[in-house]
file upload33.txt (compact mmCIF, C-alpha atoms)
# COMPACT_ATOMS: atom_id res chain seq x y z
CA MET C 292 -28.96 -16.14 7.59
CA ASN C 293 -27.04 -16.07 10.84
CA GLU C 294 -24.59 -13.34 11.72
CA LYS C 295 -21.52 -15.48 11.12
CA GLU C 296 -22.53 -16.33 7.58
CA ASP C 297 -23.47 -12.75 6.91
CA ARG C 298 -20.01 -11.57 7.96
CA LEU C 299 -18.27 -14.21 5.90
CA GLN C 300 -20.23 -13.06 2.91
CA ARG C 301 -19.33 -9.44 3.56
CA LEU C 302 -15.67 -10.39 3.94
CA THR C 303 -15.72 -12.15 0.60
CA ALA C 304 -17.40 -9.18 -1.01
CA VAL C 305 -14.89 -6.63 0.31
CA ARG C 306 -11.84 -8.79 -0.40
CA PRO C 307 -10.98 -7.30 -3.83
CA ARG C 308 -10.93 -3.83 -2.30
CA LEU C 309 -8.76 -5.03 0.55
CA VAL C 310 -6.30 -6.56 -1.91
CA SER C 311 -6.09 -3.47 -4.06
CA PHE C 312 -5.61 -1.30 -0.96
CA ALA C 313 -2.80 -3.57 0.27
CA LEU C 314 -1.26 -3.66 -3.18
CA MET C 315 -0.95 0.14 -3.26
CA HIS C 316 1.18 0.00 -0.13
CA LEU C 317 3.14 -3.20 -0.63
CA ARG C 318 3.48 -3.21 -4.43
CA ASP C 319 3.74 -6.96 -4.45
CA ARG C 320 0.74 -9.06 -5.35
CA SER C 321 1.54 -12.10 -3.23
CA GLN C 322 2.50 -10.05 -0.17
CA ALA C 323 -0.70 -8.06 -0.59
CA GLU C 324 -2.73 -11.28 -0.77
CA ASP C 325 -0.94 -12.59 2.34
CA ALA C 326 -1.66 -9.43 4.33
CA VAL C 327 -5.33 -9.60 3.35
CA GLN C 328 -5.45 -13.29 4.21
CA GLU C 329 -4.05 -12.57 7.68
CA ALA C 330 -6.43 -9.67 8.20
CA MET C 331 -9.41 -11.81 7.20
CA MET C 332 -8.33 -14.67 9.46
CA SER C 333 -7.92 -12.33 12.36
CA ALA C 334 -11.28 -10.70 11.61
CA ILE C 335 -12.93 -14.11 11.78
CA GLU C 336 -11.08 -15.13 14.94
CA LYS C 337 -11.72 -11.89 16.76
CA SER C 338 -15.22 -11.47 15.47
CA GLU C 339 -16.58 -10.89 18.96
CA ASN C 340 -14.30 -7.83 19.31
CA PHE C 341 -16.25 -6.05 16.63
CA ALA C 342 -18.22 -3.49 18.60
CA GLY C 343 -20.46 -2.38 15.79
CA ARG C 344 -19.71 1.30 16.34
CA SER C 345 -18.41 1.58 12.80
CA GLY C 346 -19.22 -0.57 9.81
CA TYR C 347 -17.93 -4.11 9.67
CA GLU C 348 -15.90 -3.39 6.51
CA THR C 349 -14.34 -0.38 8.22
CA TRP C 350 -13.32 -2.55 11.12
CA VAL C 351 -11.70 -5.08 8.77
CA PHE C 352 -9.82 -2.30 6.96
CA GLY C 353 -8.56 -1.19 10.35
CA ILE C 354 -7.12 -4.65 10.97
CA LEU C 355 -5.60 -4.72 7.50
CA LYS C 356 -3.79 -1.44 8.18
CA TYR C 357 -1.75 -3.06 10.93
CA LYS C 358 -0.98 -6.10 8.78
CA ILE C 359 0.21 -3.78 6.00
CA LEU C 360 2.42 -1.79 8.35
CA ASP C 361 3.94 -5.06 9.64
CA ALA C 362 4.59 -6.22 6.10
CA MET C 363 6.13 -2.86 5.16
CA ARG C 364 8.47 -3.04 8.14
CA ALA C 365 9.49 -6.54 7.08
CA GLN C 366 10.11 -5.36 3.51
CA LYS C 367 12.28 -2.57 4.80
CA ARG C 368 14.19 -4.87 7.19
CA HIS C 369 14.93 -7.28 4.37
CA GLY C 370 16.41 -4.50 2.29
CA ARG C 371 13.74 -4.70 -0.36
CA TRP C 372 13.46 -0.93 -0.61
CA GLN C 373 15.40 1.59 -2.61
CA PRO C 374 17.13 4.10 -0.35
CA LEU C 375 14.46 6.58 0.70
CA GLU C 376 16.82 9.52 0.49
CA ASP C 377 17.42 8.85 -3.17
CA GLU C 378 16.30 11.96 -5.01
CA ALA C 379 17.59 11.07 -8.42
CA ASP C 380 14.15 10.57 -9.97
CA ASP C 381 13.40 14.21 -10.55
CA ASP C 382 13.05 14.17 -14.34
CA ALA C 383 9.34 13.58 -14.55
CA ILE C 384 8.73 16.60 -12.35
CA ASP C 385 11.18 18.85 -14.08
CA ARG C 386 9.48 18.09 -17.37
CA GLN C 387 6.34 19.82 -16.06
CA PHE C 388 8.13 23.12 -15.46
CA GLN C 389 10.25 25.50 -17.48
CA ARG C 390 13.68 26.44 -16.25
CA ASP C 391 12.32 29.60 -14.63
CA GLY C 392 9.70 27.65 -12.64
CA ARG C 393 6.64 28.35 -14.80
CA TRP C 394 4.48 25.50 -16.13
CA GLN C 395 5.51 23.96 -19.40
CA GLU C 396 2.85 24.78 -21.99
CA ASP C 397 1.84 21.11 -22.44
CA ALA C 398 1.85 20.41 -18.70
CA ARG C 399 -0.44 23.22 -17.56
CA PRO C 400 -3.15 21.73 -15.34
CA SER C 401 -6.63 21.87 -16.80
CA ARG C 402 -9.98 21.71 -15.09
CA TRP C 403 -11.06 18.30 -13.80
CA GLY C 404 -14.59 19.30 -12.93
CA GLU C 405 -16.44 18.56 -9.74
CA PRO C 406 -14.74 16.08 -7.39
CA GLU C 407 -18.03 14.28 -6.76
CA ALA C 408 -18.49 13.60 -10.46
CA ALA C 409 -14.98 12.18 -10.64
CA PHE C 410 -15.52 9.96 -7.61
CA GLU C 411 -18.69 8.53 -9.12
CA ASN C 412 -16.91 7.78 -12.37
CA GLU C 413 -15.60 4.24 -12.59
CA HIS C 414 -13.04 5.25 -15.17
CA PHE C 415 -11.57 7.85 -12.82
CA TRP C 416 -10.77 5.11 -10.29
CA GLN C 417 -9.25 2.87 -12.95
CA VAL C 418 -6.95 5.70 -13.99
CA PHE C 419 -6.23 6.55 -10.33
CA ASP C 420 -5.18 2.96 -9.63
CA ALA C 421 -3.08 2.73 -12.78
CA CYS C 422 -1.34 6.01 -11.96
CA MET C 423 -0.67 4.88 -8.39
CA ILE C 424 0.95 1.71 -9.70
CA ALA C 425 3.01 3.79 -12.14
CA LEU C 426 4.50 5.91 -9.33
CA PRO C 427 8.09 5.20 -8.32
CA GLU C 428 8.07 2.81 -5.34
CA ASN C 429 9.06 5.20 -2.58
CA ALA C 430 6.72 7.92 -3.80
CA ALA C 431 3.89 5.39 -3.87
CA ARG C 432 4.66 4.15 -0.35
CA VAL C 433 4.77 7.58 1.22
CA PHE C 434 1.73 8.80 -0.72
CA SER C 435 -0.29 5.70 0.22
CA LEU C 436 0.57 6.01 3.90
CA ARG C 437 -0.32 9.69 3.87
CA GLU C 438 -3.42 9.81 1.68
CA LEU C 439 -4.83 6.29 1.64
CA MET C 440 -4.04 5.29 5.20
CA GLY C 441 -4.34 8.83 6.52
CA LEU C 442 -1.16 8.85 8.64
CA SER C 443 0.43 12.20 9.50
CA THR C 444 3.83 12.96 7.96
CA ALA C 445 5.30 12.81 11.48
CA ASP C 446 4.03 9.23 11.85
CA ILE C 447 5.25 8.28 8.39
CA CYS C 448 8.73 9.57 9.18
CA ARG C 449 8.82 7.53 12.35
CA GLU C 450 7.56 4.49 10.48
CA LEU C 451 10.00 4.79 7.58
CA ASP C 452 12.83 6.42 9.50
CA ILE C 453 13.19 9.47 7.26
CA LYS C 454 13.23 13.18 7.94
CA GLU C 455 9.92 14.98 7.75
CA ASN C 456 11.32 17.41 5.23
CA ASN C 457 12.20 14.48 3.02
CA CYS C 458 8.66 13.23 3.38
CA TRP C 459 7.23 16.53 2.13
CA VAL C 460 9.57 16.52 -0.85
CA ILE C 461 8.53 12.99 -1.77
CA LEU C 462 4.83 13.85 -1.39
CA HIS C 463 5.18 16.98 -3.52
CA ARG C 464 6.70 14.93 -6.32
CA ALA C 465 4.20 12.13 -5.94
CA ARG C 466 1.29 14.57 -6.24
CA LEU C 467 2.78 16.27 -9.29
CA ARG C 468 3.32 12.92 -10.98
CA LEU C 469 -0.15 11.69 -10.08
CA ARG C 470 -1.89 14.81 -11.31
CA ALA C 471 -0.03 14.68 -14.62
CA CYS C 472 -0.75 10.99 -15.05
CA ILE C 473 -4.43 11.27 -14.14
CA GLU C 474 -4.93 14.27 -16.37
CA LYS C 475 -3.46 12.39 -19.30
CA GLY C 476 -5.29 9.13 -18.70
CA TRP C 477 -8.63 10.36 -17.57
CA LEU C 478 -9.44 13.79 -18.92
CA LYS C 479 -7.91 13.51 -22.36
CA GLU C 480 -9.49 10.11 -22.94
CA ASP C 481 -12.80 11.18 -21.53
CA THR C 482 -13.22 14.11 -23.87
CA ALA C 483 -11.87 12.26 -26.91
CA MET Y 64 8.24 36.65 -7.01
CA MET Y 65 7.26 33.05 -6.39
CA MET Y 66 7.02 30.86 -9.48
CA CYS Y 67 4.60 28.01 -10.22
CA LYS Y 68 6.95 25.19 -9.23
CA GLU Y 69 7.47 26.70 -5.78
CA ALA Y 70 3.73 27.42 -5.52
CA THR Y 71 2.97 23.72 -6.10
CA ARG Y 72 5.36 22.90 -3.26
CA LEU Y 73 3.27 25.01 -0.90
CA MET Y 74 -0.01 23.57 -2.27
CA SER Y 75 1.30 20.10 -1.57
CA LEU Y 76 2.62 21.08 1.85
CA ARG Y 77 -0.70 22.44 2.98
CA GLN Y 78 -2.27 19.02 2.48
CA ASP Y 79 0.17 17.80 5.13
CA ARG Y 80 0.64 20.61 7.64
CA PRO Y 81 -0.74 24.10 8.27
CA LEU Y 82 1.22 26.73 6.33
CA THR Y 83 2.95 29.56 8.14
CA PHE Y 84 1.48 33.03 7.74
CA GLN Y 85 4.22 33.97 5.29
CA GLU Y 86 3.68 30.80 3.23
CA ARG Y 87 -0.07 31.33 3.13
CA LEU Y 88 0.34 34.90 2.02
CA SER Y 89 2.72 34.18 -0.82
CA LEU Y 90 0.65 31.21 -2.01
CA ARG Y 91 -2.54 33.23 -1.98
CA LEU Y 92 -0.87 36.01 -3.92
CA HIS Y 93 0.40 33.59 -6.54
CA LEU Y 94 -2.94 31.80 -6.87
CA SER Y 95 -4.72 35.09 -7.39
CA MET Y 96 -2.65 35.64 -10.50
CA CYS Y 97 -2.20 32.14 -11.90
CA SER Y 98 -5.14 30.11 -13.21
CA ALA Y 99 -3.02 27.03 -13.97
CA CYS Y 100 -1.90 26.88 -10.34
CA ARG Y 101 -5.47 27.35 -9.15
CA GLU Y 102 -6.37 24.21 -11.11
CA CYS Y 103 -3.37 22.38 -9.70
CA ASP Y 104 -4.44 23.34 -6.19
CA ARG Y 105 -7.92 21.92 -6.85
CA GLN Y 106 -6.34 18.75 -8.21
CA PHE Y 107 -4.18 18.25 -5.11
CA THR Y 108 -7.24 18.70 -2.94
CA LEU Y 109 -9.14 16.22 -5.09
CA LEU Y 110 -6.29 13.70 -4.76
CA HIS Y 111 -6.40 14.13 -1.00
CA GLU Y 112 -10.14 13.54 -1.01
CA ALA Y 113 -9.77 10.56 -3.38
CA GLY Y 114 -7.39 8.93 -0.91
CA ARG Y 115 -9.96 9.33 1.83
CA ARG Y 116 -12.60 7.70 -0.35
CA TYR Y 117 -10.39 4.77 -1.12
CA HIS Y 118 -11.54 2.76 1.84
CA PRO Y 119 -14.51 2.96 4.20
CA GLU Y 120 -12.47 3.86 7.29
CA HIS Y 121 -12.48 7.50 6.31
CA ASP Y 122 -16.24 7.73 6.23
CA ASP Y 123 -16.24 8.17 9.97
CA ALA Y 124 -12.65 9.36 10.40
CA GLU Y 125 -11.89 12.59 12.16
CA GLN Y 126 -12.85 15.72 10.28
CA ASP Y 127 -10.37 17.34 7.93
CA ASP Y 128 -8.82 20.12 9.96
CA ASP Y 129 -6.94 22.07 7.32
CA GLY Y 130 -9.90 24.08 6.22
CA HIS Y 131 -10.43 22.96 2.64
call {"tool": "encode", "arguments": {"input": "upload33.txt", "output": "structure tokens"}}
result
Amino acid sequence: MNEKEDRLQRLTAVRPRLVSFALMHLRDRSQAEDAVQEAMMSAIEKSENFAGRSGYETWVFGILKYKILDAMRAQKRHGRWQPLEDEADDDAIDRQFQRDGRWQEDARPSRWGEPEAAFENEHFWQVFDACMIALPENAARVFSLRELMGLSTADICRELDIKENNCWVILHRARLRLRACIEKGWLKEDTA
Amino acid sequence: MMMCKEATRLMSLRQDRPLTFQERLSLRLHLSMCSACRECDRQFTLLHEAGRRYHPEHDDAEQDDDGH
């Protein structure tokens, strides 16, 4: 098989992962598909730019990142986002703590076991994806940019035009929501 | 005395920036006394790691520099 065919095959194989990655950020199936489409086109067109220092899939993900950021900027420009300063969605967090700041009895975190075991568990990733989708939109955007895309909070603030402090507040809430959701969906079901 | 909710704020923060000496100290003190928060701290770290595993880019990304 020649190199071109090999790459096309690898692109096809990685496509579902690209779509689900884009979906986490854009939260819109057709926009996610569009971003992936553009990334794949540009990967094919600029195939000779691939230096082979990292894996081919890694290189394609790198292209997709820029397409996602473009699409996010467009979403924001077109007023498709809730105001990022909106902090009215605090209930789900407050339910995890008592009034004095201690954990609620039924929200106390339990042991998840070794990270490696979780990462090798298909069900963990299903729950992770489901819990990401269940996050409020802004929390999901900021969390995805920080943890999935690996941007610094300073970069995220520049990208989304919010204060860094606001970013940390959103991330704190996103993590608390995610941990509660994952614990419920993964651990409890796994031991049942 | 720092309570659990505030402790989780610091646990989250340290995934995003280095804590100040004072923050580190009060978090460490709280964690030494609170097993639920120790689990939460592990969970936040696992979430951070899960994000890095989500796509192949992170396989050869720069090393985690926050020491956990």
call {"tool": "residues_near_point", "arguments": {"input": "upload33.txt", "point": "(-5.1, 25.9, -4.6)", "cutoff": "10 Å", "atoms": "all atoms listed in the file", "output": "PyMOL selection string"}}
result
chain Y and resi 70-71+73-75+77+90-91+93-95+98-108+131
call {"tool": "residues_around", "arguments": {"input": "upload33.txt", "residues": "Leu76 of chain Y", "least_positions_apart": "5", "cutoff": "10 Å", "atoms": "only C-alpha atoms", "output": "list of chain:residue names"}}
result
C:Trp459, C:Val460, C:Leu462, C:His463, Y:Ala70, Y:Thr71, Y:Pro81, Y:Leu82, Y:Glu86
call {"tool": "residues_around", "arguments": {"input": "upload33.txt", "residues": "Arg393 of chain C", "least_positions_apart": "3", "cutoff": "8 Å", "atoms": "all atoms listed in the file", "output": "ChimeraX atom specification"}}
result
/C:388-390 /Y:66-68
call {"tool": "residues_around", "arguments": {"input": "upload33.txt", "residues": "Thr444 of chain C", "least_positions_apart": "3", "cutoff": "12 Å", "atoms": "all atoms listed in the file", "output": "VMD selection string"}}
result
(chain C and resid 433 to 438 440 to 441 447 to 462) or (chain Y and resid 76 to 80)
call {"tool": "atom_distance", "arguments": {"input": "upload33.txt", "atom1": "atom CA of Pro406 of chain C", "atom2": "atom CA of Ala425 of chain C"}}
result
22.1 Å
call {"tool": "closest_residue", "arguments": {"input": "upload33.txt", "among": "C:Ser321, C:Gln387, C:Asn293, C:Asn412", "to": "Leu469 of chain C", "atoms": "all atoms listed in the file"}}
result
C:Gln387
call {"tool": "closest_residue", "arguments": {"input": "upload33.txt", "among": "C:Glu296, C:Ile359, C:Lys367, C:Lys475", "to": "Arg399 of chain C", "atoms": "all atoms listed in the file"}}
result
C:Lys475
call {"tool": "atom_distance", "arguments": {"input": "upload33.txt", "atom1": "atom CA of Met332 of chain C", "atom2": "atom CA of Ile424 of chain C"}}
result
26.9 Å
call {"tool": "residues_around", "arguments": {"input": "upload33.txt", "residues": "Leu478 of chain C", "least_positions_apart": "5", "cutoff": "9 Å", "atoms": "all atoms listed in the file", "output": "PyMOL selection string"}}
result
chain C and resi 401-403+415+473+483
call {"tool": "atom_distance", "arguments": {"input": "upload33.txt", "atom1": "atom CA of His414 of chain C", "atom2": "atom CA of Asp385 of chain C"}}
result
27.8 Å
call {"tool": "axis_aligned_box", "arguments": {"input": "upload33.txt", "around": "segment 446-453 of chain C", "padding_each_side": "4 Å", "output": "lines of an AutoDock Vina configuration file"}}
result
center_x = 8.6
center_y = 7.0
center_z = 9.8
size_x = 17.2
size_y = 13.1
size_z = 13.1
call {"tool": "residues_around", "arguments": {"input": "upload33.txt", "residues": "Tyr117 of chain Y", "least_positions_apart": "5", "cutoff": "9 Å", "atoms": "only C-alpha atoms", "output": "PyMOL selection string"}}
result
(chain C and resi 308+312+439-440) or (chain Y and resi 112)
call {"tool": "closest_residue", "arguments": {"input": "upload33.txt", "among": "Y:Glu69, Y:Met64, Y:Gly114, Y:Phe84", "to": "Trp394 of chain C", "atoms": "all atoms listed in the file"}}
result
Y:Glu69
call {"tool": "decode", "arguments": {"input": "upload33.txt", "residues": "segment 314-343 of chain C", "atoms": "N, CA and C atoms", "output": "PDB file, in the first residue's frame"}}
result
ATOM      1  N   LEU C 314     -16.725  17.562  19.404  1.00  0.00           N
ATOM      2  CA  LEU C 314     -18.053  17.689  20.003  1.00  0.00           C
ATOM      3  C   LEU C 314     -17.972  18.206  21.441  1.00  0.00           C
ATOM      4  N   MET C 315     -16.947  17.742  22.180  1.00  0.00           N
ATOM      5  CA  MET C 315     -16.765  18.201  23.558  1.00  0.00           C
ATOM      6  C   MET C 315     -16.621  19.720  23.613  1.00  0.00           C
ATOM      7  N   HIS C 316     -15.927  20.261  22.618  1.00  0.00           N
ATOM      8  CA  HIS C 316     -15.668  21.699  22.633  1.00  0.00           C
ATOM      9  C   HIS C 316     -16.823  22.490  22.056  1.00  0.00           C
ATOM     10  N   LEU C 317     -17.403  21.986  20.971  1.00  0.00           N
ATOM     11  CA  LEU C 317     -18.375  22.788  20.217  1.00  0.00           C
ATOM     12  C   LEU C 317     -19.812  22.497  20.616  1.00  0.00           C
ATOM     13  N   ARG C 318     -20.048  21.314  21.172  1.00  0.00           N
ATOM     14  CA  ARG C 318     -21.372  20.923  21.670  1.00  0.00           C
ATOM     15  C   ARG C 318     -22.441  21.066  20.605  1.00  0.00           C
ATOM     16  N   ASP C 319     -22.068  20.783  19.390  1.00  0.00           N
ATOM     17  CA  ASP C 319     -23.016  20.843  18.292  1.00  0.00           C
ATOM     18  C   ASP C 319     -22.517  19.840  17.246  1.00  0.00           C
ATOM     19  N   ARG C 320     -23.328  18.817  17.029  1.00  0.00           N
ATOM     20  CA  ARG C 320     -22.889  17.699  16.197  1.00  0.00           C
ATOM     21  C   ARG C 320     -22.468  18.157  14.800  1.00  0.00           C
ATOM     22  N   SER C 321     -23.292  18.997  14.162  1.00  0.00           N
ATOM     23  CA  SER C 321     -22.974  19.319  12.771  1.00  0.00           C
ATOM     24  C   SER C 321     -21.753  20.244  12.694  1.00  0.00           C
ATOM     25  N   GLN C 322     -21.611  21.143  13.668  1.00  0.00           N
ATOM     26  CA  GLN C 322     -20.408  21.987  13.683  1.00  0.00           C
ATOM     27  C   GLN C 322     -19.155  21.165  13.954  1.00  0.00           C
ATOM     28  N   ALA C 323     -19.319  20.149  14.819  1.00  0.00           N
ATOM     29  CA  ALA C 323     -18.188  19.274  15.120  1.00  0.00           C
ATOM     30  C   ALA C 323     -17.780  18.509  13.857  1.00  0.00           C
ATOM     31  N   GLU C 324     -18.779  17.986  13.138  1.00  0.00           N
ATOM     32  CA  GLU C 324     -18.498  17.254  11.900  1.00  0.00           C
ATOM     33  C   GLU C 324     -17.818  18.165  10.873  1.00  0.00           C
ATOM     34  N   ASP C 325     -18.295  19.417  10.791  1.00  0.00           N
ATOM     35  CA  ASP C 325     -17.694  20.378   9.853  1.00  0.00           C
ATOM     36  C   ASP C 325     -16.233  20.632  10.190  1.00  0.00           C
ATOM     37  N   ALA C 326     -15.959  20.863  11.475  1.00  0.00           N
ATOM     38  CA  ALA C 326     -14.578  21.150  11.890  1.00  0.00           C
ATOM     39  C   ALA C 326     -13.672  19.974  11.540  1.00  0.00           C
ATOM     40  N   VAL C 327     -14.165  18.758  11.778  1.00  0.00           N
ATOM     41  CA  VAL C 327     -13.375  17.565  11.483  1.00  0.00           C
ATOM     42  C   VAL C 327     -13.166  17.432   9.975  1.00  0.00           C
ATOM     43  N   GLN C 328     -14.230  17.707   9.234  1.00  0.00           N
ATOM     44  CA  GLN C 328     -14.136  17.665   7.774  1.00  0.00           C
ATOM     45  C   GLN C 328     -13.031  18.598   7.267  1.00  0.00           C
ATOM     46  N   GLU C 329     -13.060  19.833   7.796  1.00  0.00           N
ATOM     47  CA  GLU C 329     -12.051  20.822   7.385  1.00  0.00           C
ATOM     48  C   GLU C 329     -10.651  20.377   7.766  1.00  0.00           C
ATOM     49  N   ALA C 330     -10.535  19.831   8.976  1.00  0.00           N
ATOM     50  CA  ALA C 330      -9.216  19.385   9.440  1.00  0.00           C
ATOM     51  C   ALA C 330      -8.705  18.256   8.554  1.00  0.00           C
ATOM     52  N   MET C 331      -9.612  17.329   8.194  1.00  0.00           N
ATOM     53  CA  MET C 331      -9.191  16.204   7.362  1.00  0.00           C
ATOM     54  C   MET C 331      -8.796  16.666   5.956  1.00  0.00           C
ATOM     55  N   MET C 332      -9.583  17.598   5.410  1.00  0.00           N
ATOM     56  CA  MET C 332      -9.245  18.143   4.097  1.00  0.00           C
ATOM     57  C   MET C 332      -7.862  18.773   4.136  1.00  0.00           C
ATOM     58  N   SER C 333      -7.649  19.573   5.190  1.00  0.00           N
ATOM     59  CA  SER C 333      -6.389  20.292   5.234  1.00  0.00           C
ATOM     60  C   SER C 333      -5.228  19.341   5.524  1.00  0.00           C
ATOM     61  N   ALA C 334      -5.510  18.244   6.228  1.00  0.00           N
ATOM     62  CA  ALA C 334      -4.470  17.230   6.439  1.00  0.00           C
ATOM     63  C   ALA C 334      -4.080  16.581   5.113  1.00  0.00           C
ATOM     64  N   ILE C 335      -5.085  16.343   4.274  1.00  0.00           N
ATOM     65  CA  ILE C 335      -4.803  15.712   2.981  1.00  0.00           C
ATOM     66  C   ILE C 335      -4.044  16.682   2.060  1.00  0.00           C
ATOM     67  N   GLU C 336      -4.522  17.936   2.053  1.00  0.00           N
ATOM     68  CA  GLU C 336      -3.881  18.931   1.187  1.00  0.00           C
ATOM     69  C   GLU C 336      -2.440  19.213   1.584  1.00  0.00           C
ATOM     70  N   LYS C 337      -2.240  19.281   2.910  1.00  0.00           N
ATOM     71  CA  LYS C 337      -0.901  19.681   3.372  1.00  0.00           C
ATOM     72  C   LYS C 337      -0.082  18.483   3.820  1.00  0.00           C
ATOM     73  N   SER C 338      -0.398  17.365   3.251  1.00  0.00           N
ATOM     74  CA  SER C 338       0.214  16.107   3.654  1.00  0.00           C
ATOM     75  C   SER C 338       1.746  16.182   3.679  1.00  0.00           C
ATOM     76  N   GLU C 339       2.305  16.942   2.737  1.00  0.00           N
ATOM     77  CA  GLU C 339       3.774  16.996   2.667  1.00  0.00           C
ATOM     78  C   GLU C 339       4.376  17.791   3.836  1.00  0.00           C
ATOM     79  N   ASN C 340       3.515  18.563   4.544  1.00  0.00           N
ATOM     80  CA  ASN C 340       4.005  19.310   5.708  1.00  0.00           C
ATOM     81  C   ASN C 340       4.229  18.425   6.935  1.00  0.00           C
ATOM     82  N   PHE C 341       3.643  17.230   6.867  1.00  0.00           N
ATOM     83  CA  PHE C 341       3.794  16.330   8.008  1.00  0.00           C
ATOM     84  C   PHE C 341       5.238  15.845   8.081  1.00  0.00           C
ATOM     85  N   ALA C 342       5.898  16.257   9.194  1.00  0.00           N
ATOM     86  CA  ALA C 342       7.332  16.018   9.285  1.00  0.00           C
ATOM     87  C   ALA C 342       7.669  14.649   9.853  1.00  0.00           C
ATOM     88  N   GLY C 343       6.658  14.010  10.435  1.00  0.00           N
ATOM     89  CA  GLY C 343       6.919  12.677  10.968  1.00  0.00           C
ATOM     90  C   GLY C 343       7.630  12.664  12.304  1.00  0.00           C
TER      91      GLY C 343
END
